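Pasted below: query.csv, CSV, C-alpha atoms and all ligand atoms.
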chain,number,residue,atom,x,y,z
A,128,MET,CA,0.0,0.0,0.0
A,129,GLU,CA,2.8,2.3,0.9
A,130,LYS,CA,4.4,1.6,-2.5
A,131,LEU,CA,1.1,2.5,-4.3
A,132,GLU,CA,0.9,5.8,-2.3
A,133,ASP,CA,4.5,6.5,-3.4
A,134,SER,CA,3.9,5.9,-7.1
A,135,ARG,CA,0.8,8.0,-7.0
A,136,HIS,CA,2.7,10.8,-5.5
A,137,LEU,CA,5.6,10.4,-7.9
A,138,TYR,CA,3.2,10.3,-10.9
A,139,LEU,CA,1.3,13.4,-9.9
A,140,ASP,CA,4.5,15.3,-9.0
A,141,LEU,CA,5.9,14.5,-12.4
A,142,MET,CA,2.7,15.5,-14.1
A,143,LYS,CA,2.8,19.0,-12.4
A,144,ARG,CA,6.5,19.4,-13.4
A,145,CYS,CA,5.6,18.6,-17.0
A,146,LEU,CA,2.4,20.7,-17.2
A,147,VAL,CA,4.2,23.9,-16.1
A,148,ASN,CA,7.2,22.8,-18.2
A,149,MET,CA,9.9,22.7,-15.5
A,150,ILE,CA,11.3,20.0,-17.7
A,151,TYR,CA,12.6,22.0,-20.7
A,152,PRO,CA,12.9,25.5,-19.3
A,153,GLN,CA,15.0,26.7,-22.2
A,154,ALA,CA,11.9,26.3,-24.4
A,155,GLU,CA,10.3,29.1,-22.4
A,156,GLU,CA,13.2,31.5,-23.0
A,157,VAL,CA,12.0,32.6,-26.4
A,158,PRO,CA,11.0,36.2,-26.5
A,159,LEU,CA,7.6,36.8,-27.9
A,160,PRO,CA,7.1,39.7,-30.4
A,161,ALA,CA,5.2,42.7,-29.1
A,162,THR,CA,1.5,42.7,-30.0
A,163,ALA,CA,0.2,45.5,-32.2
A,164,THR,CA,-2.2,46.6,-29.5
A,165,GLY,CA,0.5,46.4,-26.8
A,166,PHE,CA,-2.0,44.1,-25.0
A,167,ARG,CA,0.6,41.7,-23.8
A,168,ASP,CA,2.7,44.3,-22.2
A,169,ARG,CA,-0.3,45.9,-20.4
A,170,LEU,CA,-1.4,42.5,-19.1
A,171,ALA,CA,2.1,41.8,-18.0
A,172,ARG,CA,2.1,45.0,-15.9
A,173,VAL,CA,-1.1,43.8,-14.2
A,174,LEU,CA,0.1,40.3,-13.7
A,175,LEU,CA,3.5,41.3,-12.5
A,176,LYS,CA,2.0,44.1,-10.5
A,177,ASP,CA,4.4,46.4,-12.2
A,178,GLU,CA,2.9,49.8,-12.8
A,179,GLY,CA,6.3,51.2,-13.8
A,180,GLY,CA,6.0,49.7,-17.3
A,181,SER,CA,8.7,47.1,-17.5
A,182,GLY,CA,6.4,44.1,-17.2
A,183,ARG,CA,6.8,41.4,-19.9
A,184,ILE,CA,4.8,38.4,-20.8
A,185,SER,CA,7.5,36.8,-22.7
A,186,ALA,CA,10.2,34.8,-20.8
A,187,THR,CA,13.6,36.1,-21.6
A,188,GLN,CA,15.6,35.8,-18.4
A,189,SER,CA,16.3,33.0,-16.0
A,190,GLY,CA,14.6,35.0,-13.3
A,191,ASP,CA,11.4,34.5,-15.2
A,192,HIS,CA,11.5,30.9,-14.2
A,193,LEU,CA,10.0,31.9,-10.8
A,194,GLY,CA,7.3,33.9,-12.5
A,195,ARG,CA,6.3,30.8,-14.5
A,196,MET,CA,6.2,28.6,-11.4
A,197,GLU,CA,4.0,31.2,-9.7
A,198,GLY,CA,1.7,31.4,-12.7
A,199,ARG,CA,2.5,35.1,-13.3
A,200,ILE,CA,3.8,34.7,-16.9
A,201,TRP,CA,2.1,33.2,-19.9
A,202,PRO,CA,4.3,30.3,-20.8
A,203,VAL,CA,5.6,29.8,-24.4
A,204,VAL,CA,5.0,26.1,-24.5
A,205,ALA,CA,3.8,24.8,-21.1
A,206,HIS,CA,0.3,23.4,-21.1
A,207,THR,CA,-0.9,25.5,-18.2
A,208,MET,CA,-0.2,29.0,-17.0
A,209,ILE,CA,-1.5,28.5,-13.4
A,210,GLY,CA,1.8,27.6,-11.8
A,211,LEU,CA,2.6,25.0,-9.2
A,212,LYS,CA,0.8,26.3,-6.1
A,213,ARG,CA,-2.5,26.3,-7.9
A,214,LEU,CA,-1.9,22.8,-9.2
A,215,ASP,CA,-1.2,21.7,-5.7
A,216,ASN,CA,-4.4,23.3,-4.5
A,217,LEU,CA,-6.3,21.5,-7.3
A,218,GLU,CA,-4.7,18.2,-6.3
A,219,PHE,CA,-5.8,18.8,-2.7
A,220,CYS,CA,-9.4,19.6,-3.7
A,221,VAL,CA,-9.8,16.5,-5.9
A,222,GLU,CA,-8.1,14.2,-3.3
A,223,GLN,CA,-10.5,15.6,-0.7
A,224,VAL,CA,-13.7,15.0,-2.7
A,225,ILE,CA,-12.5,11.5,-3.5
A,226,ALA,CA,-11.6,10.7,0.1
A,227,LYS,CA,-14.8,12.2,1.5
A,228,GLU,CA,-16.9,10.7,-1.2
A,229,VAL,CA,-18.4,14.1,-2.2
A,230,SER,CA,-20.3,13.2,-5.3
A,231,GLY,CA,-19.9,14.8,-8.7
A,232,ASP,CA,-17.7,15.5,-11.7
A,233,LEU,CA,-14.8,18.0,-12.1
A,234,ILE,CA,-15.0,21.0,-14.4
A,235,GLU,CA,-12.8,23.9,-15.5
A,236,THR,CA,-14.4,26.8,-17.3
A,237,GLY,CA,-11.6,28.5,-19.3
A,238,VAL,CA,-8.9,25.9,-20.1
A,239,TRP,CA,-6.6,27.5,-22.7
A,240,ARG,CA,-4.1,24.6,-23.7
A,241,GLY,CA,-6.0,22.3,-21.3
A,242,GLY,CA,-3.2,21.7,-18.7
A,243,THR,CA,-5.3,22.1,-15.6
A,244,THR,CA,-8.0,19.8,-16.9
A,245,ILE,CA,-5.4,17.3,-18.0
A,246,PHE,CA,-4.2,17.4,-14.3
A,247,MET,CA,-7.8,16.8,-13.1
A,248,ARG,CA,-7.9,13.6,-15.3
A,249,ALA,CA,-4.5,12.6,-14.0
A,250,VAL,CA,-5.6,12.7,-10.4
A,251,LEU,CA,-8.7,10.6,-11.2
A,252,LYS,CA,-6.4,8.1,-13.0
A,253,ALA,CA,-3.9,8.0,-10.1
A,254,TYR,CA,-6.7,7.1,-7.7
A,255,GLY,CA,-8.4,4.6,-10.1
A,256,VAL,CA,-11.6,6.7,-10.1
A,257,THR,CA,-13.8,5.6,-13.1
A,258,ASP,CA,-17.2,7.1,-12.1
A,259,ARG,CA,-16.4,10.8,-12.4
A,260,ARG,CA,-15.9,12.9,-15.5
A,261,VAL,CA,-13.7,15.9,-16.3
A,262,TRP,CA,-15.6,18.6,-18.2
A,263,VAL,CA,-13.4,20.9,-20.4
A,264,ALA,CA,-15.4,24.1,-21.1
A,265,ASP,CA,-14.0,26.8,-23.5
A,266,SER,CA,-14.8,28.6,-26.7
A,267,PHE,CA,-11.5,27.2,-28.0
A,268,GLU,CA,-11.4,30.6,-29.7
A,269,GLY,CA,-10.3,32.9,-26.9
A,270,LEU,CA,-12.4,35.3,-24.8
A,271,PRO,CA,-15.6,37.0,-26.0
A,272,PRO,CA,-15.9,40.7,-26.7
A,273,PRO,CA,-17.4,42.4,-23.6
A,274,ASP,CA,-21.2,42.4,-23.3
A,275,THR,CA,-21.3,45.8,-21.8
A,276,ALA,CA,-25.1,46.0,-21.8
A,277,LYS,CA,-25.3,43.0,-19.5
A,278,TYR,CA,-22.0,43.3,-17.7
A,279,PRO,CA,-20.8,46.9,-17.6
A,280,ARG,CA,-17.9,45.9,-15.4
A,281,ASP,CA,-16.3,44.3,-18.5
A,282,ALA,CA,-16.4,47.6,-20.4
A,283,ASP,CA,-12.6,48.1,-20.3
A,284,SER,CA,-11.7,44.5,-21.1
A,285,ASP,CA,-9.7,43.9,-24.3
A,286,LEU,CA,-8.8,40.3,-23.5
A,287,HIS,CA,-10.8,39.2,-26.6
A,288,LYS,CA,-8.0,40.7,-28.7
A,289,ALA,CA,-5.4,38.4,-27.2
A,290,ARG,CA,-5.1,35.8,-29.9
A,291,GLU,CA,-2.6,33.9,-27.7
A,292,LEU,CA,-5.5,32.8,-25.6
A,293,ALA,CA,-7.3,31.2,-28.6
A,294,VAL,CA,-6.4,27.5,-28.5
A,295,SER,CA,-8.3,25.1,-30.7
A,296,LEU,CA,-10.3,22.1,-29.5
A,297,GLU,CA,-8.1,19.9,-31.7
A,298,GLU,CA,-4.9,21.2,-30.0
A,299,VAL,CA,-6.4,20.6,-26.5
A,300,LYS,CA,-7.4,17.1,-27.4
A,301,THR,CA,-3.9,16.5,-28.8
A,302,ASN,CA,-2.4,17.7,-25.5
A,303,PHE,CA,-4.6,15.3,-23.5
A,304,ASP,CA,-3.5,12.5,-25.8
A,305,ARG,CA,0.2,13.3,-25.3
A,306,TYR,CA,-0.3,12.4,-21.6
A,307,GLY,CA,-2.3,9.3,-22.5
A,308,LEU,CA,-5.3,10.9,-20.8
A,309,LEU,CA,-7.8,11.4,-23.7
A,310,ASP,CA,-10.6,9.0,-23.0
A,311,ASP,CA,-14.4,8.7,-22.4
A,312,GLN,CA,-14.1,10.3,-18.9
A,313,VAL,CA,-13.1,13.6,-20.6
A,314,ARG,CA,-16.0,15.7,-22.1
A,315,PHE,CA,-15.6,18.9,-24.0
A,316,LEU,CA,-18.1,21.8,-24.0
A,317,LYS,CA,-17.2,24.0,-26.9
A,318,GLY,CA,-18.7,27.5,-27.1
A,319,TRP,CA,-19.4,30.6,-25.1
A,320,PHE,CA,-20.2,29.9,-21.5
A,321,ARG,CA,-23.5,31.8,-21.8
A,322,ASP,CA,-24.6,29.3,-24.5
A,323,THR,CA,-23.0,26.0,-23.4
A,324,LEU,CA,-23.3,26.1,-19.6
A,325,PRO,CA,-27.2,26.5,-19.3
A,326,ILE,CA,-27.7,23.3,-21.3
A,327,ALA,CA,-24.6,21.3,-20.4
A,328,PRO,CA,-25.4,17.7,-19.5
A,329,VAL,CA,-23.5,18.1,-16.2
A,330,GLU,CA,-25.6,16.7,-13.4
A,331,ARG,CA,-23.5,17.2,-10.3
A,332,LEU,CA,-20.1,18.7,-9.6
A,333,ALA,CA,-17.6,18.1,-6.8
A,334,VAL,CA,-14.9,20.6,-8.0
A,335,LEU,CA,-15.8,23.7,-10.0
A,336,ARG,CA,-12.7,25.7,-11.2
A,337,LEU,CA,-13.2,29.1,-12.9
A,338,ASP,CA,-10.5,30.6,-15.1
A,339,GLY,CA,-12.5,32.8,-17.5
A,340,ASP,CA,-10.9,36.1,-16.5
A,341,MET,CA,-13.8,38.4,-17.2
A,342,TYR,CA,-16.8,39.5,-15.0
A,343,GLY,CA,-19.3,38.0,-17.5
A,344,SER,CA,-17.4,34.7,-17.9
A,345,THR,CA,-17.1,34.3,-14.1
A,346,MET,CA,-20.8,35.3,-13.5
A,347,ASP,CA,-22.1,33.0,-16.3
A,348,THR,CA,-20.2,30.1,-14.7
A,349,LEU,CA,-21.3,30.7,-11.2
A,350,VAL,CA,-25.0,31.3,-12.1
A,351,ASN,CA,-25.1,28.1,-14.2
A,352,LEU,CA,-22.9,25.7,-12.2
A,353,TYR,CA,-22.6,26.7,-8.6
A,354,PRO,CA,-26.1,25.3,-7.8
A,355,LYS,CA,-24.8,21.9,-9.2
A,356,LEU,CA,-21.9,21.9,-6.8
A,357,SER,CA,-22.3,19.3,-4.0
A,358,LYS,CA,-22.2,20.2,-0.4
A,359,GLY,CA,-18.6,19.6,0.6
A,360,GLY,CA,-17.4,20.3,-2.9
A,361,TYR,CA,-14.9,23.0,-3.8
A,362,VAL,CA,-15.1,26.2,-6.0
A,363,ILE,CA,-11.7,27.5,-7.1
A,364,VAL,CA,-11.3,31.0,-8.8
A,365,ASP,CA,-8.0,31.5,-10.6
A,366,ASP,CA,-8.2,35.3,-11.3
A,367,TYR,CA,-9.7,36.6,-8.0
A,368,GLY,CA,-6.5,38.5,-7.0
A,369,ALA,CA,-5.2,39.3,-10.5
A,370,ILE,CA,-8.4,40.7,-12.2
A,371,PRO,CA,-10.6,43.1,-10.3
A,372,ALA,CA,-13.6,42.4,-12.6
A,373,CYS,CA,-13.4,38.7,-11.8
A,374,ARG,CA,-13.2,39.4,-8.1
A,375,GLN,CA,-16.2,41.7,-8.4
A,376,ALA,CA,-18.3,39.0,-10.1
A,377,VAL,CA,-17.4,36.5,-7.3
A,378,ASN,CA,-18.2,39.0,-4.6
A,379,ASP,CA,-21.5,40.0,-6.3
A,380,TYR,CA,-22.6,36.3,-6.7
A,381,ARG,CA,-21.7,35.5,-3.1
A,382,SER,CA,-23.6,38.4,-1.6
A,383,ALA,CA,-26.6,37.9,-3.9
A,384,ASN,CA,-26.8,34.2,-2.9
A,385,GLY,CA,-25.9,34.6,0.8
A,386,ILE,CA,-22.7,32.6,0.5
A,387,SER,CA,-20.6,33.2,3.6
A,388,GLU,CA,-18.1,30.3,3.5
A,389,GLU,CA,-14.6,31.6,4.2
A,390,ILE,CA,-12.5,32.5,1.1
A,391,CYS,CA,-9.1,30.8,1.4
A,392,GLU,CA,-6.1,32.2,-0.5
A,393,ILE,CA,-4.0,29.9,-2.6
A,394,ASP,CA,-1.4,32.3,-3.9
A,395,TRP,CA,-1.1,35.9,-5.1
A,396,THR,CA,-4.3,35.4,-7.2
A,397,GLY,CA,-6.1,32.1,-6.7
A,398,ILE,CA,-8.7,31.5,-4.1
A,399,PHE,CA,-11.1,28.7,-3.1
A,400,TRP,CA,-13.8,27.8,-0.7
A,401,GLN,CA,-15.6,24.7,0.3
A,402,LYS,CA,-19.4,24.7,-0.1
A,403,GLY,CA,-21.1,24.2,3.2
A,404,ASN,CA,-24.7,24.1,2.3
A,501,LIG,C1,-6.5,32.4,-18.8
A,501,LIG,S1,-7.1,31.3,-19.9
A,501,LIG,C2,-7.2,29.8,-19.0
A,501,LIG,C3,-5.9,29.2,-18.5
A,501,LIG,C4,-6.0,27.7,-18.1
A,501,LIG,N1,-6.9,27.5,-17.0
A,501,LIG,C5,-4.7,27.1,-17.8
A,501,LIG,O1,-4.6,26.1,-17.1
A,501,LIG,O2,-3.6,27.6,-18.3
A,501,LIG,C6,-8.7,31.8,-20.2
A,501,LIG,C7,-9.6,30.8,-21.1
A,501,LIG,O3,-10.9,31.1,-20.9
A,501,LIG,C8,-11.6,31.0,-22.1
A,501,LIG,N2,-12.8,31.9,-22.0
A,501,LIG,C9,-13.0,33.0,-21.3
A,501,LIG,N3,-14.2,33.5,-21.3
A,501,LIG,C10,-14.9,32.6,-22.0
A,501,LIG,C11,-16.3,32.5,-22.3
A,501,LIG,N4,-17.2,33.4,-21.9
A,501,LIG,N5,-16.8,31.4,-23.0
A,501,LIG,C12,-15.9,30.5,-23.4
A,501,LIG,N6,-14.5,30.5,-23.1
A,501,LIG,C13,-14.1,31.5,-22.4
A,501,LIG,C14,-10.6,31.5,-23.2
A,501,LIG,O4,-10.9,31.0,-24.4
A,501,LIG,C15,-9.3,31.0,-22.6
A,501,LIG,O5,-9.0,29.7,-23.1

For the structure just supplied, provide its representation as structure tokens.
Ligand SMILES: C[S@@+](CC[C@H](N)C(=O)[O-])C[C@H]1O[C@@H](n2cnc3c(N)ncnc32)[C@H](O)[C@@H]1O
Amino acid sequence: MEKLEDSRHLYLDLMKRCLVNMIYPQAEEVPLPATATGFRDRLARVLLKDEGGSGRISATQSGDHLGRMEGRIWPVVAHTMIGLKRLDNLEFCVEQVIAKEVSGDLIETGVWRGGTTIFMRAVLKAYGVTDRRVWVADSFEGLPPPDTAKYPRDADSDLHKARELAVSLEEVKTNFDRYGLLDDQVRFLKGWFRDTLPIAPVERLAVLRLDGDMYGSTMDTLVNLYPKLSKGGYVIVDDYGAIPACRQAVNDYRSANGISEEICEIDWTGIFWQKGN
């Protein structure tokens, strides 16, 4: 039994190192060209909390290694941008719902290259869980233009112009396949959250992970999926610290629905809470 525990731990540790690409760090050292809109540089200043103007998304110095591990920098080739601490948190949440038999599937809304959902599938695999699915929800075309009539808080968002965030469904499936984890337990929901989530054939969730950046994407996810989260399940929000509009959506949804469970910090941006009732 001890040996099985060890190999589980070793597999999941190696998965995390691969998913954030600690394995071939030199592949992350390629400078990315500036975008015409200067979008990447502006986002870098937000993510790196660098109002002075030297923030960069591209990785060009060995010091950037730390930024990647902390999920502050968009990686060049790694399959997730969320960094090690947020992967550790996800592992904790999935292990808890397995151990405590909290019923339901796992979902991430906003998957980019798929790395975080690949890790969800890996944890199920490591524990031999065959009766839970991993839902992979994304437009696979990047973020939507802001719907300012419905969500005025998104008025300033130009994330839809970031073509780096548009990763096709085929590419994400290929990434799952590279880890040997593309199978029937993985389900894809392609389209805008406002269209896919209200009719998604998801019955019950044990882990709900949000990484859609915008107010609207965050609110559309919470409205449609939070009621499906089991008691004892976990909600994780990737952008709570980094993106004020996302934080506002979470706070608005919590106060509108009387949610008072304590918010726990994961790192400089990620938070989570356990659903109590
Ligand atoms: C920051 S990336 C996600 C990063 C990812 N979780 C990871 O592990 O690296 C945001 C993703 O959310 C998706 N997205 C944001 N808002 C969306 C919406 N309203 N509908 C569909 N996809 C959306 C984008 O296409 C993009 O892939």

Next on the checklist: When you count all atoms listed in the file, which of these residues is closest to A:Ile370: A:Thr396, A:Ser266, A:Asn302, A:Gln153?
Outcome noted: A:Thr396

Next on the checklist: Can you work out which residues are within 6 Å of ligand LIG 501 (chain A), considering only C-alpha atoms and all ligand atoms, and then hand them over as a ChimeraX atom specification?
Outcome noted: /A:207-209,237-239,241-243,265-271,292-293,318-320,338-339,344

Any chance you could export the current selection's C-alpha atoms as a PDB file, keeping the file's coordinate frame?
ATOM      1  CA  THR A 207      -0.900  25.500 -18.200  1.00  0.00           C
ATOM      2  CA  MET A 208      -0.200  29.000 -17.000  1.00  0.00           C
ATOM      3  CA  ILE A 209      -1.500  28.500 -13.400  1.00  0.00           C
ATOM      4  CA  GLY A 237     -11.600  28.500 -19.300  1.00  0.00           C
ATOM      5  CA  VAL A 238      -8.900  25.900 -20.100  1.00  0.00           C
ATOM      6  CA  TRP A 239      -6.600  27.500 -22.700  1.00  0.00           C
ATOM      7  CA  GLY A 241      -6.000  22.300 -21.300  1.00  0.00           C
ATOM      8  CA  GLY A 242      -3.200  21.700 -18.700  1.00  0.00           C
ATOM      9  CA  THR A 243      -5.300  22.100 -15.600  1.00  0.00           C
ATOM     10  CA  ASP A 265     -14.000  26.800 -23.500  1.00  0.00           C
ATOM     11  CA  SER A 266     -14.800  28.600 -26.700  1.00  0.00           C
ATOM     12  CA  PHE A 267     -11.500  27.200 -28.000  1.00  0.00           C
ATOM     13  CA  GLU A 268     -11.400  30.600 -29.700  1.00  0.00           C
ATOM     14  CA  GLY A 269     -10.300  32.900 -26.900  1.00  0.00           C
ATOM     15  CA  LEU A 270     -12.400  35.300 -24.800  1.00  0.00           C
ATOM     16  CA  PRO A 271     -15.600  37.000 -26.000  1.00  0.00           C
ATOM     17  CA  LEU A 292      -5.500  32.800 -25.600  1.00  0.00           C
ATOM     18  CA  ALA A 293      -7.300  31.200 -28.600  1.00  0.00           C
ATOM     19  CA  GLY A 318     -18.700  27.500 -27.100  1.00  0.00           C
ATOM     20  CA  TRP A 319     -19.400  30.600 -25.100  1.00  0.00           C
ATOM     21  CA  PHE A 320     -20.200  29.900 -21.500  1.00  0.00           C
ATOM     22  CA  ASP A 338     -10.500  30.600 -15.100  1.00  0.00           C
ATOM     23  CA  GLY A 339     -12.500  32.800 -17.500  1.00  0.00           C
ATOM     24  CA  SER A 344     -17.400  34.700 -17.900  1.00  0.00           C
TER      25      SER A 344
END

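Candidate residues A:Arg331, A:Arg321, A:Arg248, A:Arg374 were compared for distance to A:Val350, and the nearest is A:Arg321, using only C-alpha atoms.
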
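Distance check against A:Glu330 using only C-alpha atoms: of A:Val299, A:Met346, A:Gln375, A:Trp262, the minimum falls on A:Trp262.
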
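Going from atom CA of A:Ile225 over to atom CA of A:Tyr367, you cover 25.7 Å.
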
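Nearest-residue note for A:Cys391: choosing from A:Ile245, A:Leu335, A:Asn216, A:Ala205, the minimum distance belongs to A:Asn216, counting all atoms listed in the file.
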
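Of the listed residues (A:Pro272, A:Gly255, A:Gly360, A:Gly194), A:Gly360 comes nearest to A:Phe219; the distances count all atoms listed in the file.
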
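Among the candidates A:Glu197, A:Asp340, A:Glu222, A:Asp140, the residue lying nearest to A:Ala372 is A:Asp340 (atoms considered: all atoms listed in the file).
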
Next on the checklist: Applying 12 Å and all atoms listed in the file, which residues near A:Val221 remain after dropping the ones on its own chain fewer than 3 positions away? List them as a ChimeraX atom specification.
Outcome noted: /A:214-218,224-234,244,246-254,256,259-261,332-336,359-363,401

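Atom pair atom CA of A:Gly307 / atom CA of A:Val294: separated by 19.6 Å.
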
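Between atom CA of A:Lys212 and atom CA of A:Ala369 lies a distance of 15.0 Å.
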